[in-house]
Amino acid sequence: MKILTLLGSPKKDGNTAALLKAFTDGAASKGHEVEAVWLHEKDITPCNGCRFCKVDGVGTSKCVHDDDMTELYGTLKDADVIVHAFPVYWWSMPAQTKVMMDRIYAMDYSLFNGKAMYFLTTYNGADPNSGAALCENTLKEICDYLGMDFKGSLAVSARANPVKENKEALDRAYRMGTKV
């Protein structure tokens, strides 16, 4: 199974990355192929809303912007499982994830039918965290719209200690990855 991970954190080695690594280690232990994308290093221009990408209302994955999203269209299409991993910023997803999500507009949405999605997030707030819940609900709505199967989420507060020191959270992420 092809798993695509989309790390939306500006920190390649931060709390969210630690949680994602535990997940991917679990998935790899079951023989799954994992492709990791760090969105912060990608050059993705915001969507213009110009509809250049649509033919008879269907996305073509061709955009007026010739940037790193061009390659990501194919990567998204080829994945069986998409894992969104990002920290909660101001009760929402960070800009790195949001700009990429907006550019999915250019794709044929039927390409997502039957794919699975997981969500991993960290935050510096207390539990329960409304920002994590809002982000999870957003991704669930997107899954419903695209015909994807939302398989689960893991939200971890890093307020008390860094995720890489939180054995319980890392174990939960690893186990989640083994169940893909």
# chains A, B, ... in the order shown; residues from 1 in each chain; ligands from 1
call {"tool": "closest_atom_pairs", "arguments": {"of": "stretch 48-95 of chain A", "to": "stretch 122-134 of chain A", "cutoff": "10 Å", "atoms": "only C-alpha atoms", "output": "CSV"}}
result
residue,atom,partner,partner_atom,distance
A:Ala85,CA,A:Thr122,CA,8.5
A:Phe86,CA,A:Thr122,CA,6.9
A:Pro87,CA,A:Thr122,CA,4.8
A:Val88,CA,A:Tyr123,CA,5.4
A:Tyr89,CA,A:Tyr123,CA,7.7
A:Trp90,CA,A:Gly131,CA,7.2
A:Trp91,CA,A:Gly131,CA,3.8
A:Ser92,CA,A:Gly131,CA,6.0
A:Met93,CA,A:Gly131,CA,8.7
call {"tool": "residues_around", "arguments": {"residues": "A:Gly74", "least_positions_apart": "3", "cutoff": "12 Å", "atoms": "only C-alpha atoms", "output": "number ranges by chain"}}
result
A: 4, 60-62, 68-71, 77-79, 104, 106-108, 111-112
call {"tool": "closest_residue", "arguments": {"among": "A:Lys164, A:Cys143, A:His40, A:Tyr73", "to": "A:Cys53", "atoms": "only C-alpha atoms"}}
result
A:Tyr73
call {"tool": "atom_distance", "arguments": {"atom1": "atom CA of A:Tyr118", "atom2": "atom CA of A:Asn161"}}
result
23.6 Å
call {"tool": "atom_distance", "arguments": {"atom1": "atom CA of A:Met1", "atom2": "atom CA of A:Ala18"}}
result
22.2 Å
call {"tool": "decode", "arguments": {"residues": "stretch 48-162 of chain A", "atoms": "C-alpha atoms", "output": "PDB file, in the first residue's frame"}}
result
ATOM      1  CA  ASN A  48      -6.164  32.205  -8.101  1.00  0.00           C
ATOM      2  CA  GLY A  49      -9.673  30.779  -8.463  1.00  0.00           C
ATOM      3  CA  CYS A  50      -9.326  31.348 -12.208  1.00  0.00           C
ATOM      4  CA  ARG A  51     -10.747  27.914 -13.173  1.00  0.00           C
ATOM      5  CA  PHE A  52      -8.001  27.344 -15.782  1.00  0.00           C
ATOM      6  CA  CYS A  53      -7.744  23.851 -14.269  1.00  0.00           C
ATOM      7  CA  LYS A  54     -11.357  22.883 -15.019  1.00  0.00           C
ATOM      8  CA  VAL A  55     -12.851  21.393 -18.197  1.00  0.00           C
ATOM      9  CA  ASP A  56     -16.625  20.999 -18.013  1.00  0.00           C
ATOM     10  CA  GLY A  57     -16.341  21.425 -14.238  1.00  0.00           C
ATOM     11  CA  VAL A  58     -13.820  18.599 -13.777  1.00  0.00           C
ATOM     12  CA  GLY A  59     -10.263  19.199 -12.586  1.00  0.00           C
ATOM     13  CA  THR A  60      -7.421  18.470 -14.985  1.00  0.00           C
ATOM     14  CA  SER A  61      -4.460  18.826 -12.582  1.00  0.00           C
ATOM     15  CA  LYS A  62      -3.177  21.545 -14.923  1.00  0.00           C
ATOM     16  CA  CYS A  63      -2.721  24.913 -13.297  1.00  0.00           C
ATOM     17  CA  VAL A  64      -1.557  28.355 -14.413  1.00  0.00           C
ATOM     18  CA  HIS A  65       1.056  28.083 -11.656  1.00  0.00           C
ATOM     19  CA  ASP A  66       4.060  25.968 -12.609  1.00  0.00           C
ATOM     20  CA  ASP A  67       5.328  25.170  -9.134  1.00  0.00           C
ATOM     21  CA  ASP A  68       5.876  22.197  -6.839  1.00  0.00           C
ATOM     22  CA  MET A  69       2.173  21.407  -6.740  1.00  0.00           C
ATOM     23  CA  THR A  70       2.458  20.098 -10.314  1.00  0.00           C
ATOM     24  CA  GLU A  71       4.465  17.124  -9.015  1.00  0.00           C
ATOM     25  CA  LEU A  72       2.219  16.724  -5.974  1.00  0.00           C
ATOM     26  CA  TYR A  73      -0.849  16.189  -8.181  1.00  0.00           C
ATOM     27  CA  GLY A  74       0.639  12.903  -9.376  1.00  0.00           C
ATOM     28  CA  THR A  75       1.826  11.951  -5.907  1.00  0.00           C
ATOM     29  CA  LEU A  76      -1.645  12.523  -4.455  1.00  0.00           C
ATOM     30  CA  LYS A  77      -3.236  10.543  -7.278  1.00  0.00           C
ATOM     31  CA  ASP A  78      -0.929   7.554  -6.750  1.00  0.00           C
ATOM     32  CA  ALA A  79      -1.356   7.329  -2.968  1.00  0.00           C
ATOM     33  CA  ASP A  80      -3.724   4.816  -1.382  1.00  0.00           C
ATOM     34  CA  VAL A  81      -3.500   6.530   1.998  1.00  0.00           C
ATOM     35  CA  ILE A  82      -2.934  10.216   2.775  1.00  0.00           C
ATOM     36  CA  VAL A  83      -1.670  11.213   6.210  1.00  0.00           C
ATOM     37  CA  HIS A  84      -2.039  14.859   7.152  1.00  0.00           C
ATOM     38  CA  ALA A  85       0.291  15.842   9.974  1.00  0.00           C
ATOM     39  CA  PHE A  86       0.365  19.437  11.129  1.00  0.00           C
ATOM     40  CA  PRO A  87       0.338  21.547  14.279  1.00  0.00           C
ATOM     41  CA  VAL A  88      -2.732  23.549  15.192  1.00  0.00           C
ATOM     42  CA  TYR A  89      -2.120  27.261  14.619  1.00  0.00           C
ATOM     43  CA  TRP A  90      -4.858  29.666  15.663  1.00  0.00           C
ATOM     44  CA  TRP A  91      -7.560  26.952  15.773  1.00  0.00           C
ATOM     45  CA  SER A  92      -6.747  25.836  12.232  1.00  0.00           C
ATOM     46  CA  MET A  93      -4.243  24.220   9.890  1.00  0.00           C
ATOM     47  CA  PRO A  94      -1.034  26.121   9.158  1.00  0.00           C
ATOM     48  CA  ALA A  95      -0.520  27.971   5.884  1.00  0.00           C
ATOM     49  CA  GLN A  96       1.752  25.243   4.479  1.00  0.00           C
ATOM     50  CA  THR A  97      -1.146  22.768   4.567  1.00  0.00           C
ATOM     51  CA  LYS A  98      -3.893  25.209   3.639  1.00  0.00           C
ATOM     52  CA  VAL A  99      -2.263  26.451   0.434  1.00  0.00           C
ATOM     53  CA  MET A 100      -1.724  22.854  -0.711  1.00  0.00           C
ATOM     54  CA  MET A 101      -5.307  21.908   0.167  1.00  0.00           C
ATOM     55  CA  ASP A 102      -6.662  24.879  -1.812  1.00  0.00           C
ATOM     56  CA  ARG A 103      -4.712  23.763  -4.871  1.00  0.00           C
ATOM     57  CA  ILE A 104      -6.408  20.338  -4.804  1.00  0.00           C
ATOM     58  CA  TYR A 105      -9.204  22.303  -6.470  1.00  0.00           C
ATOM     59  CA  ALA A 106      -7.391  21.647  -9.758  1.00  0.00           C
ATOM     60  CA  MET A 107      -7.718  17.868  -9.454  1.00  0.00           C
ATOM     61  CA  ASP A 108     -10.453  15.512 -10.603  1.00  0.00           C
ATOM     62  CA  TYR A 109     -12.106  14.785  -7.267  1.00  0.00           C
ATOM     63  CA  SER A 110     -13.035  11.254  -8.339  1.00  0.00           C
ATOM     64  CA  LEU A 111      -9.316  10.386  -8.045  1.00  0.00           C
ATOM     65  CA  PHE A 112      -9.789  10.471  -4.261  1.00  0.00           C
ATOM     66  CA  ASN A 113     -12.703   8.010  -4.122  1.00  0.00           C
ATOM     67  CA  GLY A 114     -11.821   5.090  -1.862  1.00  0.00           C
ATOM     68  CA  LYS A 115      -8.562   6.536  -0.539  1.00  0.00           C
ATOM     69  CA  ALA A 116      -8.008   6.569   3.216  1.00  0.00           C
ATOM     70  CA  MET A 117      -6.984   9.556   5.337  1.00  0.00           C
ATOM     71  CA  TYR A 118      -5.367   9.803   8.768  1.00  0.00           C
ATOM     72  CA  PHE A 119      -4.759  12.973  10.766  1.00  0.00           C
ATOM     73  CA  LEU A 120      -1.972  13.610  13.279  1.00  0.00           C
ATOM     74  CA  THR A 121      -1.719  16.903  15.115  1.00  0.00           C
ATOM     75  CA  THR A 122       0.053  18.580  17.986  1.00  0.00           C
ATOM     76  CA  TYR A 123      -0.683  21.789  19.824  1.00  0.00           C
ATOM     77  CA  ASN A 124       0.505  23.805  22.787  1.00  0.00           C
ATOM     78  CA  GLY A 125      -2.916  24.110  24.392  1.00  0.00           C
ATOM     79  CA  ALA A 126      -4.742  22.217  27.078  1.00  0.00           C
ATOM     80  CA  ASP A 127      -6.860  19.115  26.551  1.00  0.00           C
ATOM     81  CA  PRO A 128      -9.443  18.874  25.183  1.00  0.00           C
ATOM     82  CA  ASN A 129      -8.398  21.240  22.422  1.00  0.00           C
ATOM     83  CA  SER A 130     -11.002  22.912  20.247  1.00  0.00           C
ATOM     84  CA  GLY A 131      -8.434  23.721  17.540  1.00  0.00           C
ATOM     85  CA  ALA A 132      -7.591  20.044  17.072  1.00  0.00           C
ATOM     86  CA  ALA A 133     -11.302  19.201  16.957  1.00  0.00           C
ATOM     87  CA  LEU A 134     -11.966  21.928  14.373  1.00  0.00           C
ATOM     88  CA  CYS A 135      -9.134  20.663  12.155  1.00  0.00           C
ATOM     89  CA  GLU A 136     -10.347  17.076  12.468  1.00  0.00           C
ATOM     90  CA  ASN A 137     -13.881  18.111  11.536  1.00  0.00           C
ATOM     91  CA  THR A 138     -12.576  20.031   8.515  1.00  0.00           C
ATOM     92  CA  LEU A 139     -10.695  16.965   7.273  1.00  0.00           C
ATOM     93  CA  LYS A 140     -13.727  14.738   7.883  1.00  0.00           C
ATOM     94  CA  GLU A 141     -15.862  17.094   5.791  1.00  0.00           C
ATOM     95  CA  ILE A 142     -13.250  17.052   3.018  1.00  0.00           C
ATOM     96  CA  CYS A 143     -13.217  13.244   3.127  1.00  0.00           C
ATOM     97  CA  ASP A 144     -17.000  13.130   2.851  1.00  0.00           C
ATOM     98  CA  TYR A 145     -16.903  15.492  -0.116  1.00  0.00           C
ATOM     99  CA  LEU A 146     -14.125  13.615  -1.928  1.00  0.00           C
ATOM    100  CA  GLY A 147     -15.404  10.113  -1.171  1.00  0.00           C
ATOM    101  CA  MET A 148     -12.473   9.296   1.102  1.00  0.00           C
ATOM    102  CA  ASP A 149     -12.494   7.161   4.232  1.00  0.00           C
ATOM    103  CA  PHE A 150     -11.413   9.092   7.342  1.00  0.00           C
ATOM    104  CA  LYS A 151      -9.656   6.340   9.300  1.00  0.00           C
ATOM    105  CA  GLY A 152      -8.638   8.143  12.463  1.00  0.00           C
ATOM    106  CA  SER A 153      -6.792  10.907  14.194  1.00  0.00           C
ATOM    107  CA  LEU A 154      -4.356  11.457  17.006  1.00  0.00           C
ATOM    108  CA  ALA A 155      -4.129  14.840  18.726  1.00  0.00           C
ATOM    109  CA  VAL A 156      -1.379  15.416  21.288  1.00  0.00           C
ATOM    110  CA  SER A 157      -0.695  18.387  23.523  1.00  0.00           C
ATOM    111  CA  ALA A 158       2.969  19.320  23.756  1.00  0.00           C
ATOM    112  CA  ARG A 159       2.360  21.807  26.541  1.00  0.00           C
ATOM    113  CA  ALA A 160       3.783  19.648  29.349  1.00  0.00           C
ATOM    114  CA  ASN A 161       6.610  18.013  27.407  1.00  0.00           C
ATOM    115  CA  PRO A 162       7.860  17.578  23.841  1.00  0.00           C
TER     116      PRO A 162
END
